[in-house]
Amino acid sequence: MALPVVAVVGRPNVGKSTLFNKLIGQRMSIVEDTPGVTRDRIYSKCEWRNREFMIVDTGGIEPNSTDVILSQMRRQAELAIEKADVIVFLTDIRTGVTADDYDVARLLQKSGKPIVLCVNKCDSIGDPPADFYEFYNLGLGDPIALSAAHGHGTGDMLDKIFEYFPDEDEGDYGEEYIKVAVIGKPNVGKSSLINRVSGEERAIVSDIAGTTRDATDTVVENKSGKYVFIDTAGIRKKSKIQEKIEHYSVLRAYMAVDRADVCVIVIDAEVGFTDQDSKVAGYAHEQGKGCIVAVNKWDAIEKDTNTMDEFRKKLENDFSFMSYVPFVFISAKTGLRIDNLFELINKVNIQNSMRISTGMLNDILAYATTRVQPPSDKGRRLKIYYMTQPSTKPPTFVVFVNRADLFHFSYQRYLENQIRQTFGLEGTPIRFIVRERNREDD
């Protein structure tokens, strides 16, 4: 299912970015004492009590400001509120309750979303200061005292947030449905493809880049199987994201990838591969998703007998970082090879879910190490004891060795190629986890 979204909102300079960085465990948001430093929403995954969620940092809200930048920041925060499942309203014990806090509280109450009121900069351990109780006047229930800088109280806040999360299986689809995220740059034909596979106009189709703002689900059942197609807004380079609403569209596209079993990366045959295609594909690869590259608008290309082979060779070079990915040349407009696309989706989903027995893996390992000796360094040779597969989606292999530093990337790639030659695993990345043991006996 889609990850719950938690938006952190409040006036400028109350510590939203400090709290965001504390929760995600790294310095992603810029932290300064100058109001207005965080102008756009920043988002990252978090986990609490074995439940993942997406947290969104926002620019400060100044409800009555006429400043252009501040009004854009306010719109950013309003968009985050609109899309959030839970809202963390952060205030500042040092300034007390301000008129802007009351205005923000009214704005949040109108949203109808669950609100967790937090009073930041309560840096001392123990009972909160007397000024803390003033925040009850906001009418948002019991406030939580915390220190974003030191981490005090964040556990209480996360427990409260957790209470408002929807059930994990709520709104999800059965296992018989393959969830397919259709991703790519703007204006490559993603919505047209959704309309073609669904047989009806479910998504708005326009030549204007950025028409699709959110990820939308389309359920498709046909002779090939049952699917949920997730249409997403095109992912642009950050420098190209000028309209503020597009920042949230990028977040929704990444979250669609997280939900998916298979990602169809759509590229425009008339434009070819671009750097931004590698960014889109790279995210799906990093998340371990089954991937297919669909070259759309193939009907618009002038062709001879060698056109497809030449285009495929170029794509293989462009997607060298995803050498496992299959290509299909389609036209969402005419329906060209759409049946082939469904066949590939089924195949890649199976490959991404494949489990290989430990016995078979170690037969391959014995053959591979006999054929090409493991590397050595200064008289020490890599010994690979055995290999097992603990998980799928993507297929993940734990390799037990004597010295992890000798298990070079090149030899990992060699073993990966041997596994692929034997079992296929087309369209899915492979992960290796290296475990070292008995180094002292080496």
# chains A, B, ... in the order shown; residues from 1 in each chain; ligands from 1
$ select_by_dssp --residues "range 343-392 of chain A" --states "helix (DSSP H, G or I)" --output "tab-separated table (two decimals) with N, CA and C atoms, in the first residue's frame"
chain	number	residue	atom	x	y	z
A	343	GLU	N	2.93	-9.36	-21.43
A	343	GLU	CA	3.72	-10.59	-21.27
A	343	GLU	C	5.00	-10.31	-20.49
A	344	LEU	N	5.65	-9.19	-20.83
A	344	LEU	CA	6.88	-8.83	-20.13
A	344	LEU	C	6.63	-8.49	-18.67
A	345	ILE	N	5.54	-7.80	-18.40
A	345	ILE	CA	5.20	-7.47	-17.01
A	345	ILE	C	5.05	-8.74	-16.19
A	346	ASN	N	4.33	-9.72	-16.73
A	346	ASN	CA	4.15	-11.00	-16.03
A	346	ASN	C	5.49	-11.68	-15.79
A	347	LYS	N	6.32	-11.71	-16.84
A	347	LYS	CA	7.61	-12.40	-16.74
A	347	LYS	C	8.52	-11.74	-15.72
A	348	VAL	N	8.61	-10.41	-15.79
A	348	VAL	CA	9.50	-9.68	-14.89
A	348	VAL	C	9.03	-9.80	-13.44
A	349	ASN	N	7.73	-9.80	-13.22
A	349	ASN	CA	7.20	-9.96	-11.87
A	349	ASN	C	7.60	-11.32	-11.29
A	350	ILE	N	7.52	-12.36	-12.12
A	350	ILE	CA	7.92	-13.70	-11.68
A	350	ILE	C	9.41	-13.73	-11.37
A	351	GLN	N	10.22	-13.13	-12.24
A	351	GLN	CA	11.67	-13.13	-12.04
A	351	GLN	C	12.06	-12.36	-10.78
A	352	ASN	N	11.39	-11.24	-10.52
A	352	ASN	CA	11.68	-10.43	-9.34
A	352	ASN	C	11.32	-11.18	-8.06
A	358	THR	N	19.11	-23.27	-1.83
A	358	THR	CA	20.52	-23.15	-1.43
A	358	THR	C	21.38	-24.18	-2.16
A	359	GLY	N	20.84	-25.38	-2.36
A	359	GLY	CA	21.59	-26.43	-3.05
A	359	GLY	C	21.94	-26.03	-4.48
A	360	MET	N	20.97	-25.51	-5.20
A	360	MET	CA	21.20	-25.08	-6.57
A	360	MET	C	22.17	-23.92	-6.63
A	361	LEU	N	22.05	-22.99	-5.68
A	361	LEU	CA	22.95	-21.85	-5.66
A	361	LEU	C	24.40	-22.30	-5.46
A	362	ASN	N	24.59	-23.25	-4.58
A	362	ASN	CA	25.96	-23.67	-4.28
A	362	ASN	C	26.54	-24.57	-5.37
A	363	ASP	N	25.67	-25.22	-6.15
A	363	ASP	CA	26.16	-25.91	-7.34
A	363	ASP	C	26.72	-24.89	-8.33
A	364	ILE	N	25.99	-23.78	-8.53
A	364	ILE	CA	26.46	-22.72	-9.42
A	364	ILE	C	27.74	-22.11	-8.87
A	365	LEU	N	27.80	-21.91	-7.54
A	365	LEU	CA	28.98	-21.32	-6.92
A	365	LEU	C	30.20	-22.21	-7.13
A	366	ALA	N	30.03	-23.52	-6.96
A	366	ALA	CA	31.16	-24.45	-7.16
A	366	ALA	C	31.64	-24.41	-8.60
A	367	TYR	N	30.70	-24.37	-9.54
A	367	TYR	CA	31.07	-24.31	-10.96
A	367	TYR	C	31.80	-23.00	-11.27
A	368	ALA	N	31.26	-21.89	-10.75
A	368	ALA	CA	31.82	-20.58	-11.06
A	368	ALA	C	33.23	-20.42	-10.49
A	369	THR	N	33.46	-20.87	-9.25
A	369	THR	CA	34.78	-20.71	-8.63
A	369	THR	C	35.81	-21.65	-9.23
A	370	THR	N	35.35	-22.77	-9.78
A	370	THR	CA	36.27	-23.67	-10.48
A	370	THR	C	36.68	-23.08	-11.83
A	371	ARG	N	35.73	-22.46	-12.47
A	371	ARG	CA	35.96	-21.89	-13.80
A	371	ARG	C	36.85	-20.65	-13.73
$ residues_around --residues "Leu425 in chain A" --least-positions-apart "4" --cutoff "12 Å" --atoms "only C-alpha atoms" --output "PyMOL selection string"
chain A and resi 290-291+323-326+347-356+392-396+416-421+429-431
$ write_last_selection --atoms "C-alpha atoms" --output "short mmCIF file (atom, residue, chain, number, x, y, z; two decimals), in the first residue's frame"
data_model
loop_
_atom_site.label_atom_id
_atom_site.label_comp_id
_atom_site.auth_asym_id
_atom_site.auth_seq_id
_atom_site.Cartn_x
_atom_site.Cartn_y
_atom_site.Cartn_z
CA GLY A 290 11.39 -5.27 -11.59
CA CYS A 291 11.92 -2.94 -14.56
CA SER A 323 22.04 -4.51 -18.05
CA TYR A 324 19.23 -6.86 -16.99
CA VAL A 325 16.39 -4.62 -18.22
CA PRO A 326 14.31 -5.76 -21.26
CA LYS A 347 7.61 -12.40 -16.74
CA VAL A 348 9.50 -9.68 -14.89
CA ASN A 349 7.20 -9.96 -11.87
CA ILE A 350 7.92 -13.70 -11.68
CA GLN A 351 11.67 -13.13 -12.04
CA ASN A 352 11.68 -10.43 -9.34
CA SER A 353 9.93 -12.89 -7.00
CA MET A 354 12.08 -15.92 -7.87
CA ARG A 355 13.53 -18.01 -5.07
CA ILE A 356 16.44 -20.36 -5.72
CA THR A 392 13.01 -11.85 -2.95
CA LYS A 393 11.86 -8.59 -4.58
CA PRO A 394 14.66 -8.27 -5.52
CA PRO A 395 16.42 -11.66 -5.30
CA THR A 396 18.95 -11.16 -2.52
CA GLU A 416 25.82 -12.36 -10.83
CA ASN A 417 26.31 -13.15 -14.53
CA GLN A 418 26.63 -16.86 -13.76
CA ILE A 419 23.39 -16.80 -11.76
CA ARG A 420 21.59 -14.91 -14.53
CA GLN A 421 22.85 -17.28 -17.23
CA PRO A 429 18.24 -6.34 -10.04
CA ILE A 430 20.18 -8.73 -7.84
CA ARG A 431 21.53 -7.86 -4.40
#
$ closest_residue --among "A:Ser192, A:Ser376, A:Ile433, A:Glu302" --to "Ser331 in chain A" --atoms "only C-alpha atoms"
A:Ser192
$ closest_residue --among "A:Asp339, A:Glu436, A:Asp103, A:Glu426" --to "Val398 in chain A" --atoms "only C-alpha atoms"
A:Glu436
$ closest_residue --among "A:Ala256, A:Glu134, A:Val6, A:Tyr43" --to "Phe89 in chain A" --atoms "only C-alpha atoms"
A:Val6
$ closest_residue --among "A:Asn21, A:Ser198, A:Ser111, A:Thr98" --to "Glu78 in chain A" --atoms "only C-alpha atoms"
A:Ser111
$ closest_residue --among "A:Thr58, A:Asn402, A:Asn306, A:Ser357" --to "Arg380 in chain A" --atoms "only C-alpha atoms"
A:Asn402
$ atom_distance --atom1 "CA of Val280 in chain A" --atom2 "CA of Phe329 in chain A"
18.5 Å
$ select_by_dssp --residues "range 246-416 of chain A" --states "strand (DSSP E or B)" --output "ChimeraX atom specification"
/A:262-268,290-296,327-329,331,336,376-377,380-381,384-391,396-401
$ decode --residues "range 113-164 of chain A" --atoms "C-alpha atoms" --output "mmCIF file, in the first residue's frame"
data_model
loop_
_atom_site.group_PDB
_atom_site.id
_atom_site.type_symbol
_atom_site.label_atom_id
_atom_site.label_comp_id
_atom_site.auth_asym_id
_atom_site.auth_seq_id
_atom_site.Cartn_x
_atom_site.Cartn_y
_atom_site.Cartn_z
ATOM 1 C CA LYS A 113 -6.667 15.878 9.257
ATOM 2 C CA PRO A 114 -5.278 14.357 12.475
ATOM 3 C CA ILE A 115 -3.013 16.923 14.148
ATOM 4 C CA VAL A 116 -0.172 16.242 16.582
ATOM 5 C CA LEU A 117 0.699 19.477 18.410
ATOM 6 C CA CYS A 118 4.349 19.670 19.508
ATOM 7 C CA VAL A 119 6.107 22.374 21.517
ATOM 8 C CA ASN A 120 9.746 22.530 20.478
ATOM 9 C CA LYS A 121 12.872 23.758 22.308
ATOM 10 C CA CYS A 122 11.865 22.218 25.646
ATOM 11 C CA ASP A 123 15.528 21.311 26.045
ATOM 12 C CA SER A 124 15.583 20.534 29.780
ATOM 13 C CA ILE A 125 14.892 17.035 31.065
ATOM 14 C CA GLY A 126 11.927 16.685 33.391
ATOM 15 C CA ASP A 127 8.654 18.557 33.663
ATOM 16 C CA PRO A 128 8.079 21.188 30.953
ATOM 17 C CA PRO A 129 8.237 24.857 31.934
ATOM 18 C CA ALA A 130 5.065 26.667 33.025
ATOM 19 C CA ASP A 131 4.805 28.414 29.630
ATOM 20 C CA PHE A 132 4.182 25.012 28.047
ATOM 21 C CA TYR A 133 0.572 24.912 29.278
ATOM 22 C CA GLU A 134 -0.252 28.066 27.321
ATOM 23 C CA PHE A 135 -0.313 25.923 24.164
ATOM 24 C CA TYR A 136 -3.538 24.216 25.298
ATOM 25 C CA ASN A 137 -5.207 27.464 24.206
ATOM 26 C CA LEU A 138 -4.713 26.448 20.561
ATOM 27 C CA GLY A 139 -7.542 23.938 20.997
ATOM 28 C CA LEU A 140 -5.647 21.033 19.427
ATOM 29 C CA GLY A 141 -5.580 18.696 22.398
ATOM 30 C CA ASP A 142 -2.627 17.732 24.581
ATOM 31 C CA PRO A 143 0.650 19.212 23.324
ATOM 32 C CA ILE A 144 3.847 17.138 23.364
ATOM 33 C CA ALA A 145 7.006 18.726 24.776
ATOM 34 C CA LEU A 146 10.091 17.957 22.719
ATOM 35 C CA SER A 147 13.568 19.103 21.812
ATOM 36 C CA ALA A 148 14.283 18.625 18.129
ATOM 37 C CA ALA A 149 17.934 19.477 18.715
ATOM 38 C CA HIS A 150 18.445 16.795 21.364
ATOM 39 C CA GLY A 151 15.755 14.293 20.458
ATOM 40 C CA HIS A 152 13.836 14.524 23.758
ATOM 41 C CA GLY A 153 10.144 13.736 23.321
ATOM 42 C CA THR A 154 10.400 12.539 19.721
ATOM 43 C CA GLY A 155 9.399 9.019 20.783
ATOM 44 C CA ASP A 156 6.164 10.313 22.338
ATOM 45 C CA MET A 157 5.487 12.307 19.173
ATOM 46 C CA LEU A 158 6.089 9.286 16.896
ATOM 47 C CA ASP A 159 3.848 7.092 19.062
ATOM 48 C CA LYS A 160 1.059 9.642 18.662
ATOM 49 C CA ILE A 161 1.618 9.838 14.897
ATOM 50 C CA PHE A 162 1.555 6.041 14.709
ATOM 51 C CA GLU A 163 -1.936 5.960 16.254
ATOM 52 C CA TYR A 164 -3.318 7.842 13.251
#
